[in-house]
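One file, upload.cif, carrying mmCIF, C-alpha atoms:
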```cif
data_upload
loop_
_atom_site.label_atom_id
_atom_site.label_comp_id
_atom_site.auth_asym_id
_atom_site.auth_seq_id
_atom_site.Cartn_x
_atom_site.Cartn_y
_atom_site.Cartn_z
CA ASP A 16 79.25 83.99 101.55
CA THR A 17 77.21 85.64 98.83
CA GLY A 18 79.96 87.95 97.61
CA VAL A 19 79.71 91.71 97.34
CA SER A 20 76.15 92.86 96.77
CA GLN A 21 75.21 96.17 95.16
CA ASN A 22 71.78 97.74 94.87
CA PRO A 23 70.16 98.82 92.73
CA ARG A 24 71.64 97.21 89.62
CA HIS A 25 70.34 100.00 87.43
CA LYS A 26 69.25 103.55 88.14
CA ILE A 27 67.88 106.09 85.71
CA THR A 28 67.48 109.57 87.08
CA LYS A 29 66.81 113.06 85.83
CA ARG A 30 69.57 115.62 85.91
CA GLY A 31 69.57 117.49 89.20
CA GLN A 32 68.12 114.66 91.26
CA ASN A 33 69.94 112.94 94.13
CA VAL A 34 70.71 109.24 94.02
CA THR A 35 72.01 106.79 96.60
CA PHE A 36 73.61 103.41 96.02
CA ARG A 37 74.19 100.67 98.55
CA CYS A 38 77.01 98.15 98.86
CA ASP A 39 77.06 95.14 101.16
CA PRO A 40 80.61 93.76 101.32
CA ILE A 41 81.72 90.27 102.25
CA SER A 42 81.07 90.14 105.99
CA GLU A 43 84.61 89.50 107.20
CA HIS A 44 86.17 92.15 104.95
CA ASN A 45 87.17 95.31 106.77
CA ARG A 46 88.24 97.24 103.66
CA LEU A 47 85.72 98.69 101.24
CA TYR A 48 86.32 100.59 98.01
CA TRP A 49 84.21 102.49 95.52
CA TYR A 50 85.25 102.76 91.89
CA ARG A 51 83.60 104.27 88.85
CA GLN A 52 83.86 102.90 85.33
CA THR A 53 82.85 104.66 82.15
CA LEU A 54 82.54 103.09 78.72
CA GLY A 55 85.84 101.98 77.27
CA GLN A 56 87.79 102.76 80.42
CA GLY A 57 89.02 100.79 83.39
CA PRO A 58 87.68 101.29 86.91
CA GLU A 59 88.69 104.61 88.48
CA PHE A 60 89.22 104.87 92.24
CA LEU A 61 86.74 107.03 94.17
CA THR A 62 87.11 106.32 97.88
CA TYR A 63 88.27 103.80 100.50
CA PHE A 64 87.06 102.76 103.94
CA GLN A 65 88.79 100.73 106.58
CA ASN A 66 86.05 99.64 108.93
CA GLU A 67 83.90 102.77 109.37
CA ALA A 68 86.69 105.27 108.69
CA GLN A 69 86.91 106.90 105.25
CA LEU A 70 90.68 107.05 104.80
CA GLU A 71 91.09 108.14 101.22
CA LYS A 72 89.03 110.08 98.73
CA SER A 73 89.94 110.78 95.13
CA ARG A 74 90.56 114.39 94.18
CA LEU A 75 88.35 113.65 91.19
CA LEU A 76 85.39 113.28 93.52
CA SER A 77 83.46 116.51 93.62
CA ASP A 78 81.65 117.80 96.71
CA ARG A 79 78.44 116.40 95.25
CA PHE A 80 79.66 112.91 96.10
CA SER A 81 79.58 111.52 99.62
CA ALA A 82 80.10 108.04 100.98
CA GLU A 83 79.48 106.51 104.36
CA ARG A 84 80.07 103.20 106.02
CA PRO A 85 78.26 103.26 109.35
CA LYS A 86 79.38 100.61 111.82
CA GLY A 87 81.89 99.30 109.32
CA SER A 88 79.36 97.12 107.53
CA PHE A 89 77.43 98.22 104.43
CA SER A 90 78.30 101.42 102.60
CA THR A 91 76.29 104.03 100.73
CA LEU A 92 77.42 106.35 97.95
CA GLU A 93 75.28 109.43 97.39
CA ILE A 94 75.46 111.76 94.43
CA GLN A 95 73.68 115.06 94.82
CA ARG A 96 72.41 117.21 91.94
CA THR A 97 73.35 114.59 89.35
CA GLU A 98 74.85 115.66 86.03
CA GLN A 99 74.99 113.80 82.74
CA GLY A 100 78.71 113.28 83.26
CA ASP A 101 77.90 111.17 86.33
CA SER A 102 76.50 108.44 84.08
CA ALA A 103 78.73 105.43 84.70
CA MET A 104 78.99 102.04 86.35
CA TYR A 105 79.66 102.42 90.08
CA LEU A 106 81.56 99.46 91.46
CA CYS A 107 82.05 98.48 95.07
CA ALA A 108 84.79 96.10 96.21
CA SER A 109 85.91 94.66 99.52
CA SER A 110 89.01 93.01 100.92
CA PHE A 111 90.59 91.83 104.16
CA ARG A 112 94.21 92.21 103.18
CA ASP A 113 96.67 94.56 101.59
CA ARG A 114 97.58 94.97 97.96
CA GLY A 115 94.40 94.47 96.00
CA GLY A 116 93.05 91.16 94.80
CA TYR A 117 89.78 92.30 96.22
CA THR A 118 86.27 91.15 95.35
CA PHE A 119 84.08 93.40 93.24
CA GLY A 120 80.31 93.57 93.19
CA SER A 121 78.37 93.58 89.93
CA GLY A 122 77.98 97.33 90.07
CA THR A 123 75.20 99.89 89.80
CA ARG A 124 74.72 101.40 86.38
CA LEU A 125 73.64 105.03 86.62
CA THR A 126 72.09 106.84 83.68
CA VAL A 127 71.40 110.55 84.07
CA VAL A 128 68.94 111.90 81.51
CA ASP B 24 97.09 111.12 83.47
CA GLN B 25 96.83 107.45 82.49
CA GLN B 26 99.66 105.66 84.30
CA VAL B 27 98.61 102.17 83.23
CA LYS B 28 98.07 101.60 79.54
CA GLN B 29 96.66 98.74 77.56
CA ASN B 30 97.21 99.73 73.98
CA SER B 31 95.33 96.85 72.37
CA PRO B 32 91.60 97.33 72.83
CA SER B 33 90.84 93.91 71.40
CA LEU B 34 92.39 90.53 70.68
CA SER B 35 91.01 87.58 68.76
CA VAL B 36 92.56 84.15 69.24
CA GLN B 37 91.69 80.62 68.23
CA GLU B 38 90.70 78.10 70.85
CA GLY B 39 93.73 76.13 72.03
CA ARG B 40 96.24 78.81 71.03
CA ILE B 41 98.07 81.25 73.26
CA SER B 42 96.59 84.64 74.19
CA ILE B 43 99.11 87.35 75.02
CA LEU B 44 97.85 90.55 76.61
CA ASN B 45 100.16 93.49 77.13
CA CYS B 46 100.26 96.31 79.64
CA ASP B 47 102.64 99.27 80.03
CA TYR B 48 103.01 101.58 82.98
CA THR B 49 104.72 104.91 83.45
CA ASN B 50 105.04 105.20 87.23
CA SER B 51 108.33 103.61 88.33
CA MET B 52 107.04 103.53 91.93
CA PHE B 53 104.49 100.83 91.07
CA ASP B 54 105.56 97.60 92.73
CA TYR B 55 102.53 95.35 92.59
CA PHE B 56 100.55 94.38 89.53
CA LEU B 57 97.32 92.51 89.01
CA TRP B 58 95.14 91.23 86.21
CA TYR B 59 91.36 91.19 86.41
CA LYS B 60 88.86 89.56 84.10
CA LYS B 61 85.39 90.97 83.47
CA TYR B 62 82.34 89.39 81.90
CA PRO B 63 79.42 91.58 80.76
CA ALA B 64 77.05 92.62 83.56
CA GLU B 65 79.48 91.39 86.22
CA GLY B 66 82.15 93.06 88.29
CA PRO B 67 85.85 92.42 87.58
CA THR B 68 87.24 89.17 89.00
CA PHE B 69 90.79 88.93 90.31
CA LEU B 70 92.91 86.63 88.14
CA ILE B 71 96.59 86.77 89.05
CA SER B 72 99.12 89.15 90.57
CA ILE B 73 102.86 89.73 90.65
CA SER B 74 105.17 91.63 92.95
CA SER B 75 108.05 93.64 91.53
CA ILE B 76 110.54 91.33 93.26
CA LYS B 77 109.56 88.65 90.76
CA ASP B 78 109.58 88.53 86.98
CA LYS B 79 107.13 85.69 86.53
CA ASN B 80 104.13 84.23 88.30
CA GLU B 81 102.14 81.26 87.13
CA ASP B 82 98.72 79.94 88.08
CA GLY B 83 97.38 77.12 85.97
CA ARG B 84 96.83 78.34 82.42
CA PHE B 85 97.68 81.93 83.37
CA THR B 86 101.21 83.35 83.56
CA VAL B 87 102.15 86.96 84.17
CA PHE B 88 105.56 88.28 83.14
CA LEU B 89 107.04 91.51 84.47
CA ASN B 90 109.82 93.48 82.79
CA LYS B 91 110.63 96.30 85.20
CA SER B 92 113.25 97.94 83.05
CA ALA B 93 110.75 98.26 80.22
CA LYS B 94 107.85 99.02 82.59
CA HIS B 95 105.91 96.31 80.84
CA LEU B 96 103.92 93.29 81.89
CA SER B 97 102.08 90.66 79.96
CA LEU B 98 99.52 87.99 80.64
CA HIS B 99 99.74 84.67 78.81
CA ILE B 100 96.79 82.34 78.65
CA VAL B 101 97.64 78.85 77.43
CA PRO B 102 95.64 77.18 76.02
CA SER B 103 92.87 79.68 75.37
CA GLN B 104 89.34 78.46 75.94
CA PRO B 105 85.96 79.89 74.89
CA GLY B 106 85.23 80.79 78.54
CA ASP B 107 88.24 83.10 78.46
CA SER B 108 86.32 85.51 76.22
CA ALA B 109 86.08 88.60 78.42
CA VAL B 110 87.61 92.01 79.04
CA TYR B 111 90.97 91.84 80.82
CA PHE B 112 92.21 94.74 82.93
CA CYS B 113 95.75 95.33 84.07
CA ALA B 114 96.09 97.16 87.41
CA ALA B 115 98.96 98.50 89.49
CA SER B 116 99.70 99.92 92.90
CA GLY B 117 102.67 101.52 94.63
CA PRO B 118 104.11 101.24 98.14
CA THR B 119 102.01 104.16 99.35
CA ASP B 120 98.91 102.34 98.14
CA SER B 121 99.40 99.26 100.29
CA TRP B 122 95.92 99.66 101.64
CA GLY B 123 94.66 98.68 98.25
CA LYS B 124 94.11 101.55 95.82
CA LEU B 125 94.59 100.34 92.26
CA GLN B 126 95.10 102.13 88.97
CA PHE B 127 93.58 100.30 86.04
CA GLY B 128 94.26 100.22 82.34
CA ALA B 129 91.43 100.64 79.85
CA GLY B 130 91.12 96.92 79.22
CA THR B 131 91.55 94.47 76.35
CA GLN B 132 88.56 92.60 74.94
CA VAL B 133 89.55 88.99 74.25
CA VAL B 134 87.47 86.85 71.91
CA VAL B 135 88.31 83.16 71.71
CA THR B 136 86.99 81.60 68.52
CA PRO B 137 86.36 77.87 67.94
#
```
Structure translated into structure tokens:
Amino acid sequence: DTGVSQNPRHKITKRGQNVTFRCDPISEHNRLYWYRQTLGQGPEFLTYFQNEAQLEKSRLLSDRFSAERPKGSFSTLEIQRTEQGDSAMYLCASSFRDRGGYTFGSGTRLTVV
Amino acid sequence: DQQVKQNSPSLSVQEGRISILNCDYTNSMFDYFLWYKKYPAEGPTFLISISSIKDKNEDGRFTVFLNKSAKHLSLHIVPSQPGDSAVYFCAASGPTDSWGKLQFGAGTQVVVTP
């Protein structure tokens, strides 16, 4: 068990470009979450998967954001036409049970210039 | 709308003394509360949780207290150790969030000095 793995660790991109992040959860975890954290704030919920089904998506998530979890294993988060306001740490977490206590990855830090 | 608030952005405490971190919430539907700890360049790590049916939960040096009437919880760390220096996040969920969505506070930076 190597924990939750996120790649890349850092991403610098120009405004308007598309970026994709990958998350590999703990293998036996069927629940996967994406959160975003900006400086001085706590993590903010983005979306949730149970197995391959995306069951919840934050209203804060614009149409430029899309997430997938094919076959219920790894997940990808894509941001299209990035904006400077997208600069943040994107955190992935996984769990096998209800009510939180889940395991976070180390995150992908996105900087949009 | 910030429903979980940590009003102290930082806390400095001497090694061996007690650290007390506070958290307030506004949503009376929240019924499950957690504390996470975060070191730089790492993701948050789950520390301890409490259900609203309890008012105290203890795990080693860490104790969480819940005051439902005041919508307030606190985390006590006794004794504080240098390795406890980190950012601590309070988080909460409600019965409709049983699948795991959490709302986090902004965090409190704890520095434990020798």
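Candidate residues B:Leu44, B:Ala93, B:Val27, B:Ile100 were compared for distance to chain A, and the nearest is B:Val27, using all atoms listed in the file.
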Point out the residue among B:Lys79, B:Lys94, B:Lys61, B:Lys124 with the least atom-to-atom distance to B:Thr49, counting all atoms listed in the file.
-> B:Lys94
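With distances taken over all atoms listed in the file, B:Trp122 is the one residue among B:Pro137, B:Trp122, B:Lys60, B:Gln37 lying closest to A:Asn45.
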Interatomic distance, atom CA of A:Phe80 to atom CA of B:Gly117 (Å, one decimal) = 25.7 Å
Could you give me, as a PDB file with C-alpha atoms, in the coordinates of the input, the residues within 8 Å of A:Arg84, counting all atoms listed in the file and dropping anything in the same chain fewer than 4 positions from it?
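Result file is part-v9.pdb:
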```pdb
ATOM      1  CA  PHE A  64      87.060 102.760 103.940  1.00  0.00           C
ATOM      2  CA  ASN A  66      86.050  99.640 108.930  1.00  0.00           C
ATOM      3  CA  GLU A  67      83.900 102.770 109.370  1.00  0.00           C
ATOM      4  CA  ALA A  68      86.690 105.270 108.690  1.00  0.00           C
ATOM      5  CA  GLN A  69      86.910 106.900 105.250  1.00  0.00           C
ATOM      6  CA  SER A  88      79.360  97.120 107.530  1.00  0.00           C
ATOM      7  CA  PHE A  89      77.430  98.220 104.430  1.00  0.00           C
ATOM      8  CA  SER A  90      78.300 101.420 102.600  1.00  0.00           C
ATOM      9  CA  THR A  91      76.290 104.030 100.730  1.00  0.00           C
TER      10      THR A  91
END
```
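Shortest separation to chain B among A:Arg37, A:Arg79, A:Arg112, A:Lys26 occurs at residue A:Arg112, atoms counted being all atoms listed in the file.
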Name the residues captured by the PyMOL selection byres ((chain A) within 7 of (chain B)) when it is applied to the shown file; answer as a ChimeraX atom specification.
-> /A:55-60,113-122
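Excluding A:Leu47 and any residue on its chain fewer than 3 positions from it, the residues at most 6 Å away by all atoms listed in the file are Tyr63, Phe64, Ala108 and Ser109 of chain A.
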Excluding B:Glu38 and any residue of its chain fewer than 2 positions from it, enumerate the residues within 12 Å of it, using all atoms listed in the file, and give them as an mmCIF file with C-alpha atoms, in the frame of the given file.
```cif
data_model
loop_
_atom_site.group_PDB
_atom_site.id
_atom_site.type_symbol
_atom_site.label_atom_id
_atom_site.label_comp_id
_atom_site.auth_asym_id
_atom_site.auth_seq_id
_atom_site.Cartn_x
_atom_site.Cartn_y
_atom_site.Cartn_z
ATOM 1 C CA SER B 35 91.010 87.580 68.760
ATOM 2 C CA VAL B 36 92.560 84.150 69.240
ATOM 3 C CA ARG B 40 96.240 78.810 71.030
ATOM 4 C CA ILE B 41 98.070 81.250 73.260
ATOM 5 C CA SER B 42 96.590 84.640 74.190
ATOM 6 C CA ILE B 100 96.790 82.340 78.650
ATOM 7 C CA VAL B 101 97.640 78.850 77.430
ATOM 8 C CA PRO B 102 95.640 77.180 76.020
ATOM 9 C CA SER B 103 92.870 79.680 75.370
ATOM 10 C CA GLN B 104 89.340 78.460 75.940
ATOM 11 C CA PRO B 105 85.960 79.890 74.890
ATOM 12 C CA GLY B 106 85.230 80.790 78.540
ATOM 13 C CA ASP B 107 88.240 83.100 78.460
ATOM 14 C CA SER B 108 86.320 85.510 76.220
ATOM 15 C CA VAL B 133 89.550 88.990 74.250
ATOM 16 C CA VAL B 134 87.470 86.850 71.910
ATOM 17 C CA VAL B 135 88.310 83.160 71.710
ATOM 18 C CA THR B 136 86.990 81.600 68.520
ATOM 19 C CA PRO B 137 86.360 77.870 67.940
#
```
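Proximity of A:Ile27, A:Tyr48, A:Asp39, A:Lys72 to A:Ala103, computed with all atoms listed in the file, is greatest for A:Ile27.
The coordinates place atom CA of A:Thr35 at 20.4 Å from atom CA of A:Gln65.
With atom CA of A:Arg96 on one side and atom CA of A:Lys29 on the other, the separation reads 9.3 Å.
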Selection result for the PyMOL selection byres ((chain A and resi 94) around 9) on this file, as a PyMOL selection string = chain A and resi 32-36+78-82+92-93+95-97+101
Okay, now the selection with C-alpha atoms, as a compact mmCIF listing (two decimals), in the frame of the given file?
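This went into out-v6.txt:
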```txt
# COMPACT_ATOMS: atom_id res chain seq x y z
CA GLN A 32 68.12 114.66 91.26
CA ASN A 33 69.94 112.94 94.13
CA VAL A 34 70.71 109.24 94.02
CA THR A 35 72.01 106.79 96.60
CA PHE A 36 73.61 103.41 96.02
CA ASP A 78 81.65 117.80 96.71
CA ARG A 79 78.44 116.40 95.25
CA PHE A 80 79.66 112.91 96.10
CA SER A 81 79.58 111.52 99.62
CA ALA A 82 80.10 108.04 100.98
CA LEU A 92 77.42 106.35 97.95
CA GLU A 93 75.28 109.43 97.39
CA GLN A 95 73.68 115.06 94.82
CA ARG A 96 72.41 117.21 91.94
CA THR A 97 73.35 114.59 89.35
CA ASP A 101 77.90 111.17 86.33
```
